[in-house]
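Scroll down for the structure; my scribbles are underneath it.
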There are 2 protein chains.
Amino acid sequence: MSAKTSPLAPAAFPDLPQVAGVRLATGMTGLRYKGRDDLLWAEFAPGTVVAGCFTTSATRAAPVRWCETALAGGRARALVVNAGNANAFTGPTGARAVAAEVDGAAAVLGCAREEVFVASTGVIGVPLDPKPIVDMMADLSGRASDAADAWAPAAKSIMTTDTFPKGASATVTIGGRSVSVVGFAKGSGMIAPNMATMLGFVFTDAAIGATLAQRLLARGVDRSFNAITVDGDTSTNDCVMLFATGAAGNPALAEEDADGAAFAEALEAVLSDLARQVVRDGEGATKFVTLRITGAEDDGAARRIGLTVANSPLVKTAIAGSDANWGRIVAALGRSGERVAEDRLRIHIGGVLVAENGAVHPDYDEKAYVAGYMKGQEIDIAVDVGVGEGVATVWTCDLTHGYIDINADYRS
Amino acid sequence: MSAKTSPLAPAAFPDLPQVAGVRLATGMTGLRYKGRDDLLWAEFAPGTVVAGCFTTSATRAAPVRWCETALAGGRARALVVNAGNANAFTGPTGARAVAAEVDGAAAVLGCAREEVFVASTGVIGVPLDPKPIVDMMADLSGRASDAADAWAPAAKSIMTTDTFPKGASATVTIGGRSVSVVGFAKGSGMIAPNMATMLGFVFTDAAIGATLAQRLLARGVDRSFNAITVDGDTSTNDCVMLFATGAAGNPALAEEDADGAAFAEALEAVLSDLARQVVRDGEGATKFVTLRITGAEDDGAARRIGLTVANSPLVKTAIAGSDANWGRIVAALGRSGERVAEDRLRIHIGGVLVAENGAVHPDYDEKAYVAGYMKGQEIDIAVDVGVGEGVATVWTCDLTHGYIDINADYRS
């Protein structure tokens with residue numbers, strides 16, 4: 001745990017609206033952390049629809065494997081999240097711990113086991129004792145609250161190396177009803193596409209079918225959490241889940257008509273906001289970097305090119321040193337594995353044309369503006385690779401001494 | 001340039017034998033560095049056979065593009081290498097600089113342009129002025145030496161962020177003749193498979209056909225320079241070249257019979273030694289890590305798995321912190337994209353069985369041995385992924401504050 005808050009943190013946790021049908025409580029298990037809540041309990045109105053996206057890791061954790069299975073039912077009544085222990089690479093013990101959590105929550109709420117979702121984050125390879133978690137469930141359910149002030153403690157309870165809690169919301173009118181989309185997330189290291197050690201939970205009172213919910217969540221995650229990277233490390237435990245209670249009373253969304261599109265936009269806004277907050281809390285980050293790639297073969301190629309640049313330790317350390325070392329960007333572009341037309345490359349930093357047609361621009365005077373710009377906290381880099389129409393935006397942060405400090409002694 | 005020598009450096013530059021037909025000289029162009037030689041001149045006896053492996057970067061530098069073309073001739077008379085300027089992303093200016101170097105060397109030696117090879121290393125995107133290089137060639141040729149004490153200054157002249165020169169040799173008897181294989185290399189950052197900012201030059205007096213030379217070099221590079229990583233960054237300028245003068249007078253090697261295999265083994269020993277020295281000089285490295293992967297689907301999969309672990313910033317920072325955080329190894333294995341049987345994974349650290357069958361070993365007591373072992377400078381990690389017979393060894397180093405120091409202010 002880092003004591004200092006990221007210099008890129010937002011000024012405060014945002015005010016988030018209530019979402020009818022979602023009740024939250026947090027508790028202190030003492031399993032790893034002392035003196036802080038490390039357990040999140042969320043319960044949902046009957047009939048709540050659930051969608052989820054999970055890490056593709058071949059060594060994904062026991063709770064992830066359970067959620068993948070339970071998701072087939074499409075309904076959720078509870079979400080249980082613990083911080084400090086990932087319950088990953090824990091073998092049959094890990095699966096038994098998840099089963100105990102699921103049994104416990106199902107008993108408290110009188111629901112089906114498949115309506116209980118579980119997530120964990122923290123150290124890998126340490127057996128998780130479910131007892132303190134299960135013992136606390138009845139009490140958590142008894143005091144769970146749907147008040148707006150329940151979001152902040154919930155967002156805090158799932159933090160590990162995070163230095164600030166991350167929340168976001170959007171509202172949209174659907175079928176004459178005001179619909180809220182509220183989310184919170186954790187993550188600051190082991191962040192890479194395909195979801196990293198990143199947990200994100202989004203809640204809405206919209207009525208929406210499970211199939212559409214899943215499709216919109218998957219697409220939104222692709223453009224948000226799968227477009228960020230801190231260190232290129234994907235984790236065993238990532239998940240982003242969406243819970244839709246239907247309490248808003250709108251005609252249930254089932255396809256991408258105007259209402260479906262409006263909801264999708266609100267959902268993506270929340271996901272994107274949360275994803276960018278994760279980057280702002282990147283371990284040791286002092287600069288927030290937005291990379292806009294254009295002219296790629298297609299959007300997928302653009303994102304892969306962007307992520308290659310965003311994951312380059314040499315690019316990231318140059319940015320940490322406020323050095324407009326665009327040569328390292330060129331090198332990263334070259335090794336992306338995607339088509340890149342060197343003699344048509346165009347690179348802008350902070351809106352200034354640095355290079356084009358395979359060489360530095362003759363009028364480029366680094367000292368005039370870019371050298372000073374690089375000393376700032378928000379760095380925009382745009383690259384046109386000159387082969388097609390594909391575009392993508394990717395977000396990352398710099399690689400600093402702080403990252404080493406945090407990760408060279410996180411476990412011990 | 002770093003002032004301090006890597007703590008993993010060998011005690012001294014090795015004694016290297018003469019290679020008949022190879023003459024070396026170095027010079028000071030003043031193009032970037034002051035007070036040190038930054039130009040290498042090597043000239044070869046007529047008929048010298050050449051082979052080369054080059055970066056696959058789409059933005060590879062002008063000298064690389066020239067060498068790829070010239071290699072078709074299969075013969076070399078000169079090699080010219082400058083340090084401090086990569087002559088990469090320099091557009092038509094860069095190609096003209098290479099042409100000037102080639103013309104200059106061809107004039108001095110009275111050879112074909114295609115017999116002149118050129119390499120550059122250093123900053124990307126800065127035009128290279130060839131004049132100081134060309135002006136120096138006649139003098140360099142005049143004082144070029146085939147003495148054994150010419151190797152060390154040659155190896156030093158091509159260094160950039162390297163903290164020590166890297167040399168290696170092997171001798172082997174072929175057809176009753178003693179054959180020498182001598183090489184030197186530079187590289188310490190932007191090191192990744194597919195050759196990174198890494199220059200390696202190997203010289204032998206063996207007589208060998210160009211086709212066999214190319215095949216053996218490519219295979220040797222695959223098992224050496226393509227099996228190391230410092231930071232996952234592949235560069236625009238990498239090359240490894242082999243020059244075979246034939247002066248040993250052995251019957252020319254043309255196929256992989258017993259003599260061909262003996263030569264291949266000597267070549268691979270030199271390449272592997274050089275590659276491991278590059279890792280030992282990894283920017284900021286304090287620990288040398290050998291990763292042995294077994295049980296993969298095939299050898300290629302084993303190497304990709306090894307490199308995923310070796311490139312993980314979380315694994316590398318844990319090692320920097322002397323933390324036996326094998327959970328991060330599991331996470332990296334999981335995201336390698338290769339088949340991994342979690343319930344059959346076996347992990348050894350320093351020869352101690354840490355985990356097997358998908359969980360930590362019940363008898364594993366980290367404090368008993370591994371915690372102390374991790375404080376050492378040489379870390380051996382072995383992983384069996386439990387799906388097949390593929391094996392690979394990969395070498396890397398830790399990720400430390402030193403890496404950030406070097407790379408956050410290298411250019412400026």
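Chain labels follow the order of the structure tokens: the first chain is A, the next B, and so on; residue numbering restarts at 1 in every chain, and ligands are counted from 1 in their shown order.
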Problem set entry | Non-local contacts of stretch 31-39 of chain B (7 Å; only C-alpha atoms; under 5 positions in same chain excluded) as a list in words | Thr26, Val81, Asn82, Ala83, Gly84, Ser157 and Ile158 of chain B
As a compact mmCIF listing (two decimals) with C-alpha atoms, in the first residue's frame, could you give me every residue of chain B near chain A (at most 7 Å apart, counting only C-alpha atoms)?
```txt
# COMPACT_ATOMS: atom_id res chain seq x y z
CA SER B 57 11.46 -3.57 -37.14
CA ALA B 58 9.28 -1.83 -39.72
CA THR B 59 11.22 1.35 -38.94
CA PHE B 89 14.24 7.54 -38.99
CA THR B 90 16.45 9.93 -40.90
CA GLY B 91 14.70 9.59 -44.28
CA ILE B 124 17.16 7.83 -33.26
CA GLY B 125 15.99 10.61 -35.56
CA ASP B 231 13.06 -4.43 -21.36
CA ASP B 233 12.03 -3.13 -26.52
CA THR B 234 13.30 -4.16 -29.95
CA SER B 235 15.31 -1.57 -31.78
CA THR B 236 15.66 -0.12 -35.24
CA SER B 312 6.93 -8.91 -16.90
CA PRO B 313 7.65 -5.67 -15.03
CA LEU B 314 6.02 -7.18 -11.96
CA THR B 317 10.60 -5.63 -9.90
CA ALA B 318 9.89 -8.46 -7.46
CA ALA B 320 14.84 -6.48 -7.84
CA GLY B 321 13.32 -6.48 -4.36
CA GLY B 327 2.53 -15.63 -7.79
CA VAL B 330 2.05 -17.70 -12.33
CA ALA B 331 0.24 -14.60 -13.56
CA GLY B 334 -1.19 -17.39 -17.56
CA ARG B 335 -1.15 -14.49 -19.97
CA VAL B 340 -0.27 -24.00 -19.73
CA GLU B 342 -2.38 -24.81 -14.22
CA GLY B 358 -1.77 -25.70 -9.15
CA ALA B 359 -0.83 -24.60 -5.66
CA VAL B 360 2.08 -23.86 -3.37
CA THR B 400 15.50 -1.39 -10.89
CA HIS B 401 15.76 2.30 -10.11
CA ILE B 404 14.76 4.53 -14.70
CA ASN B 407 16.48 5.97 -19.46
CA ALA B 408 14.79 9.04 -18.09
CA ASP B 409 17.79 11.11 -19.09
```
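Closest approach to B:Ala78 among B:Asp238, B:Ala155, B:Leu217, B:Thr245 is made by B:Thr245 (distances from only C-alpha atoms).
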Exercise. DSSP says helix (DSSP H, G or I) for which residues of stretch 103-132 of chain B? Put them as a PyMOL selection string?
Worked result: chain B and resi 103-109+113-115+131-132
Exercise. What is the atom CA of A:Ile293 to atom CA of A:Ile381 distance in Å?
Worked result: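 Straight-line distance from atom CA of A:Ile293 to atom CA of A:Ile381 works out to 8.6 Å.
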Problem set entry | Those of stretch 58-295 of chain B in DSSP strand (DSSP E), formatted as a VMD selection string | chain B and resid 78 to 85 116 to 123 166 to 174 177 to 186 199 to 204 228 to 229 239 to 244 288 to 295
Problem set entry | Non-local contacts of A:Gly388 (6 Å; only C-alpha atoms; under 4 positions in same chain excluded) as a ChimeraX atom specification | /A:295-297
Non-local contacts of stretch 64-74 of chain B (8 Å; only C-alpha atoms; under 4 positions in same chain excluded) as a PDB file with all heavy atoms, in the first residue's frame:
```pdb
ATOM      1  N   VAL B  49      33.760 -14.426 -46.295  1.00  0.00           N
ATOM      2  CA  VAL B  49      32.321 -14.735 -46.398  1.00  0.00           C
ATOM      3  C   VAL B  49      31.584 -14.002 -45.283  1.00  0.00           C
ATOM      4  O   VAL B  49      32.086 -13.878 -44.158  1.00  0.00           O
ATOM      5  CB  VAL B  49      32.113 -16.265 -46.280  1.00  0.00           C
ATOM      6  CG1 VAL B  49      30.672 -16.602 -45.938  1.00  0.00           C
ATOM      7  CG2 VAL B  49      32.549 -16.933 -47.583  1.00  0.00           C
ATOM      8  N   VAL B  50      30.380 -13.508 -45.582  1.00  0.00           N
ATOM      9  CA  VAL B  50      29.608 -12.778 -44.588  1.00  0.00           C
ATOM     10  C   VAL B  50      28.221 -13.368 -44.450  1.00  0.00           C
ATOM     11  O   VAL B  50      27.629 -13.844 -45.425  1.00  0.00           O
ATOM     12  CB  VAL B  50      29.533 -11.270 -44.952  1.00  0.00           C
ATOM     13  CG1 VAL B  50      28.865 -11.072 -46.306  1.00  0.00           C
ATOM     14  CG2 VAL B  50      28.808 -10.474 -43.879  1.00  0.00           C
ATOM     15  N   ALA B  51      27.697 -13.339 -43.202  1.00  0.00           N
ATOM     16  CA  ALA B  51      26.307 -13.708 -42.926  1.00  0.00           C
ATOM     17  C   ALA B  51      25.769 -12.667 -41.954  1.00  0.00           C
ATOM     18  O   ALA B  51      26.547 -12.025 -41.240  1.00  0.00           O
ATOM     19  CB  ALA B  51      26.235 -15.103 -42.316  1.00  0.00           C
ATOM     20  N   GLY B  52      24.462 -12.486 -41.935  1.00  0.00           N
ATOM     21  CA  GLY B  52      23.907 -11.462 -41.045  1.00  0.00           C
ATOM     22  C   GLY B  52      22.465 -11.725 -40.673  1.00  0.00           C
ATOM     23  O   GLY B  52      21.710 -12.305 -41.443  1.00  0.00           O
ATOM     24  N   PHE B  54      19.213  -9.432 -38.923  1.00  0.00           N
ATOM     25  CA  PHE B  54      18.890  -8.031 -38.691  1.00  0.00           C
ATOM     26  C   PHE B  54      17.534  -7.876 -38.024  1.00  0.00           C
ATOM     27  O   PHE B  54      16.683  -8.756 -38.099  1.00  0.00           O
ATOM     28  CB  PHE B  54      18.899  -7.276 -40.031  1.00  0.00           C
ATOM     29  CG  PHE B  54      20.210  -7.387 -40.746  1.00  0.00           C
ATOM     30  CD1 PHE B  54      20.411  -8.357 -41.719  1.00  0.00           C
ATOM     31  CD2 PHE B  54      21.264  -6.559 -40.399  1.00  0.00           C
ATOM     32  CE1 PHE B  54      21.633  -8.484 -42.358  1.00  0.00           C
ATOM     33  CE2 PHE B  54      22.494  -6.687 -41.034  1.00  0.00           C
ATOM     34  CZ  PHE B  54      22.684  -7.651 -42.016  1.00  0.00           C
ATOM     35  N   THR B  55      17.350  -6.743 -37.392  1.00  0.00           N
ATOM     36  CA  THR B  55      16.077  -6.414 -36.754  1.00  0.00           C
ATOM     37  C   THR B  55      14.930  -6.558 -37.748  1.00  0.00           C
ATOM     38  O   THR B  55      15.078  -6.264 -38.938  1.00  0.00           O
ATOM     39  CB  THR B  55      16.099  -4.978 -36.206  1.00  0.00           C
ATOM     40  OG1 THR B  55      14.819  -4.697 -35.640  1.00  0.00           O
ATOM     41  CG2 THR B  55      16.384  -3.940 -37.282  1.00  0.00           C
ATOM     42  N   ARG B  60      13.248   0.071 -39.400  1.00  0.00           N
ATOM     43  CA  ARG B  60      14.667  -0.199 -39.219  1.00  0.00           C
ATOM     44  C   ARG B  60      15.508   0.848 -39.957  1.00  0.00           C
ATOM     45  O   ARG B  60      15.084   1.451 -40.945  1.00  0.00           O
ATOM     46  CB  ARG B  60      15.016  -1.611 -39.641  1.00  0.00           C
ATOM     47  CG  ARG B  60      14.669  -2.013 -41.051  1.00  0.00           C
ATOM     48  CD  ARG B  60      14.616  -3.564 -41.096  1.00  0.00           C
ATOM     49  NE  ARG B  60      14.341  -4.072 -42.421  1.00  0.00           N
ATOM     50  CZ  ARG B  60      13.112  -4.095 -42.958  1.00  0.00           C
ATOM     51  NH1 ARG B  60      12.090  -3.603 -42.303  1.00  0.00           N
ATOM     52  NH2 ARG B  60      12.924  -4.583 -44.154  1.00  0.00           N
ATOM     53  N   VAL B  98      24.662   6.640 -45.494  1.00  0.00           N
ATOM     54  CA  VAL B  98      25.160   5.265 -45.656  1.00  0.00           C
ATOM     55  C   VAL B  98      25.920   5.140 -46.977  1.00  0.00           C
ATOM     56  O   VAL B  98      27.021   4.565 -47.029  1.00  0.00           O
ATOM     57  CB  VAL B  98      24.006   4.250 -45.585  1.00  0.00           C
ATOM     58  CG1 VAL B  98      24.481   2.866 -46.015  1.00  0.00           C
ATOM     59  CG2 VAL B  98      23.424   4.199 -44.180  1.00  0.00           C
ATOM     60  N   GLU B 114      29.175  -3.514 -52.491  1.00  0.00           N
ATOM     61  CA  GLU B 114      28.419  -4.567 -51.797  1.00  0.00           C
ATOM     62  C   GLU B 114      29.294  -5.354 -50.824  1.00  0.00           C
ATOM     63  O   GLU B 114      28.793  -6.218 -50.102  1.00  0.00           O
ATOM     64  CB  GLU B 114      27.775  -5.524 -52.809  1.00  0.00           C
ATOM     65  CG  GLU B 114      26.605  -4.939 -53.566  1.00  0.00           C
ATOM     66  CD  GLU B 114      27.002  -3.816 -54.512  1.00  0.00           C
ATOM     67  OE1 GLU B 114      28.170  -3.812 -54.976  1.00  0.00           O
ATOM     68  OE2 GLU B 114      26.174  -2.922 -54.756  1.00  0.00           O
ATOM     69  N   GLU B 115      30.587  -5.070 -50.808  1.00  0.00           N
ATOM     70  CA  GLU B 115      31.459  -5.732 -49.834  1.00  0.00           C
ATOM     71  C   GLU B 115      31.683  -4.873 -48.589  1.00  0.00           C
ATOM     72  O   GLU B 115      32.470  -5.232 -47.719  1.00  0.00           O
ATOM     73  CB  GLU B 115      32.804  -6.068 -50.493  1.00  0.00           C
ATOM     74  CG  GLU B 115      32.675  -7.146 -51.581  1.00  0.00           C
ATOM     75  CD  GLU B 115      34.012  -7.456 -52.236  1.00  0.00           C
ATOM     76  OE1 GLU B 115      34.669  -6.513 -52.748  1.00  0.00           O
ATOM     77  OE2 GLU B 115      34.410  -8.634 -52.233  1.00  0.00           O
ATOM     78  N   VAL B 116      30.979  -3.758 -48.508  1.00  0.00           N
ATOM     79  CA  VAL B 116      31.108  -2.865 -47.351  1.00  0.00           C
ATOM     80  C   VAL B 116      29.834  -2.931 -46.514  1.00  0.00           C
ATOM     81  O   VAL B 116      28.734  -2.725 -47.038  1.00  0.00           O
ATOM     82  CB  VAL B 116      31.348  -1.407 -47.798  1.00  0.00           C
ATOM     83  CG1 VAL B 116      31.438  -0.494 -46.571  1.00  0.00           C
ATOM     84  CG2 VAL B 116      32.607  -1.316 -48.651  1.00  0.00           C
ATOM     85  N   PHE B 117      30.000  -3.218 -45.228  1.00  0.00           N
ATOM     86  CA  PHE B 117      28.854  -3.303 -44.315  1.00  0.00           C
ATOM     87  C   PHE B 117      28.957  -2.192 -43.276  1.00  0.00           C
ATOM     88  O   PHE B 117      30.052  -1.810 -42.858  1.00  0.00           O
ATOM     89  CB  PHE B 117      28.794  -4.694 -43.679  1.00  0.00           C
ATOM     90  CG  PHE B 117      28.429  -5.728 -44.715  1.00  0.00           C
ATOM     91  CD1 PHE B 117      29.409  -6.261 -45.560  1.00  0.00           C
ATOM     92  CD2 PHE B 117      27.111  -6.100 -44.901  1.00  0.00           C
ATOM     93  CE1 PHE B 117      29.064  -7.168 -46.554  1.00  0.00           C
ATOM     94  CE2 PHE B 117      26.761  -7.003 -45.895  1.00  0.00           C
ATOM     95  CZ  PHE B 117      27.742  -7.536 -46.723  1.00  0.00           C
ATOM     96  N   VAL B 118      27.785  -1.673 -42.901  1.00  0.00           N
ATOM     97  CA  VAL B 118      27.722  -0.483 -42.053  1.00  0.00           C
ATOM     98  C   VAL B 118      26.727  -0.735 -40.935  1.00  0.00           C
ATOM     99  O   VAL B 118      25.666  -1.325 -41.165  1.00  0.00           O
ATOM    100  CB  VAL B 118      27.265   0.728 -42.897  1.00  0.00           C
ATOM    101  CG1 VAL B 118      27.128   1.966 -42.027  1.00  0.00           C
ATOM    102  CG2 VAL B 118      28.241   0.977 -44.039  1.00  0.00           C
ATOM    103  N   ALA B 119      27.054  -0.312 -39.725  1.00  0.00           N
ATOM    104  CA  ALA B 119      26.113  -0.404 -38.619  1.00  0.00           C
ATOM    105  C   ALA B 119      26.217   0.859 -37.780  1.00  0.00           C
ATOM    106  O   ALA B 119      27.274   1.498 -37.725  1.00  0.00           O
ATOM    107  CB  ALA B 119      26.415  -1.633 -37.760  1.00  0.00           C
ATOM    108  N   ALA B 210      28.816 -19.450 -47.808  1.00  0.00           N
ATOM    109  CA  ALA B 210      27.918 -18.388 -47.350  1.00  0.00           C
ATOM    110  C   ALA B 210      26.561 -18.939 -46.928  1.00  0.00           C
ATOM    111  O   ALA B 210      25.952 -18.456 -45.966  1.00  0.00           O
ATOM    112  CB  ALA B 210      27.750 -17.343 -48.456  1.00  0.00           C
ATOM    113  N   ASN B 237      17.975  -0.902 -35.087  1.00  0.00           N
ATOM    114  CA  ASN B 237      19.336  -1.012 -35.597  1.00  0.00           C
ATOM    115  C   ASN B 237      20.032  -2.334 -35.349  1.00  0.00           C
ATOM    116  O   ASN B 237      21.206  -2.486 -35.710  1.00  0.00           O
ATOM    117  CB  ASN B 237      20.203   0.090 -34.969  1.00  0.00           C
ATOM    118  CG  ASN B 237      19.890   1.444 -35.520  1.00  0.00           C
ATOM    119  OD1 ASN B 237      18.776   1.934 -35.348  1.00  0.00           O
ATOM    120  ND2 ASN B 237      20.841   2.038 -36.224  1.00  0.00           N
ATOM    121  N   ASP B 238      19.355  -3.280 -34.729  1.00  0.00           N
ATOM    122  CA  ASP B 238      20.033  -4.507 -34.336  1.00  0.00           C
ATOM    123  C   ASP B 238      20.635  -5.236 -35.500  1.00  0.00           C
ATOM    124  O   ASP B 238      20.003  -5.398 -36.539  1.00  0.00           O
ATOM    125  CB  ASP B 238      19.045  -5.497 -33.739  1.00  0.00           C
ATOM    126  CG  ASP B 238      18.172  -4.831 -32.738  1.00  0.00           C
ATOM    127  OD1 ASP B 238      18.707  -4.033 -31.986  1.00  0.00           O
ATOM    128  OD2 ASP B 238      16.972  -5.113 -32.741  1.00  0.00           O
ATOM    129  N   CYS B 239      21.811  -5.738 -35.268  1.00  0.00           N
ATOM    130  CA  CYS B 239      22.335  -6.697 -36.227  1.00  0.00           C
ATOM    131  C   CYS B 239      23.381  -7.576 -35.569  1.00  0.00           C
ATOM    132  O   CYS B 239      24.061  -7.173 -34.616  1.00  0.00           O
ATOM    133  CB  CYS B 239      22.887  -6.024 -37.470  1.00  0.00           C
ATOM    134  SG  CYS B 239      24.424  -5.185 -37.266  1.00  0.00           S
TER     135      CYS B 239
END
```
Problem set entry | Contacts of stretch 13-18 of chain A at 9 Å (only C-alpha atoms; same-chain gap of 2+ positions) as a count of residues only | 23
Exercise. Any idea what's packed within 7 Å of A:Leu271, counting only C-alpha atoms, ignoring anything in its chain fewer than 5 positions away? Could you give it as an NGL selection string?
Worked result: :A and (220-221 or 224)
I need the chosen residues saved as a PDB file, in the first residue's frame, with all heavy atoms.
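Contents of out-v2.pdb, as written:
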```
ATOM      1  N   GLY A 220     -17.993  -2.078 -24.652  1.00  0.00           N
ATOM      2  CA  GLY A 220     -17.519  -0.947 -23.834  1.00  0.00           C
ATOM      3  C   GLY A 220     -16.188  -1.254 -23.164  1.00  0.00           C
ATOM      4  O   GLY A 220     -15.302  -0.397 -23.086  1.00  0.00           O
ATOM      5  N   VAL A 221     -16.019  -2.473 -22.684  1.00  0.00           N
ATOM      6  CA  VAL A 221     -14.755  -2.860 -22.046  1.00  0.00           C
ATOM      7  C   VAL A 221     -13.619  -2.817 -23.060  1.00  0.00           C
ATOM      8  O   VAL A 221     -12.499  -2.383 -22.757  1.00  0.00           O
ATOM      9  CB  VAL A 221     -14.881  -4.269 -21.407  1.00  0.00           C
ATOM     10  CG1 VAL A 221     -13.517  -4.841 -21.056  1.00  0.00           C
ATOM     11  CG2 VAL A 221     -15.763  -4.189 -20.159  1.00  0.00           C
ATOM     12  N   SER A 224     -12.393   0.642 -23.413  1.00  0.00           N
ATOM     13  CA  SER A 224     -12.014   1.339 -22.175  1.00  0.00           C
ATOM     14  C   SER A 224     -10.933   0.538 -21.440  1.00  0.00           C
ATOM     15  O   SER A 224      -9.747   0.809 -21.605  1.00  0.00           O
ATOM     16  CB  SER A 224     -13.239   1.554 -21.296  1.00  0.00           C
ATOM     17  OG  SER A 224     -13.871   0.301 -21.000  1.00  0.00           O
TER      18      SER A 224
END
```
For this session: Just give me the gap between atom CA of A:Glu43 and atom CA of A:Val270 in Å, one decimal is fine.
Result: 20.8 Å
Exercise. Could you state the separation of atom CA of B:Thr229 and atom CA of B:Ile379 in Å, given to one decimal place?
Worked result: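 These two atoms are separated by 15.0 Å.
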For this session: For B:Trp395, work out the shell of residues within 10 Å, counting only C-alpha atoms and skipping chain neighbours fewer than 5 positions away, then give it as a ChimeraX atom specification.
Result: /B:224-230,275-276,278-280,288-292,306-307,310,380
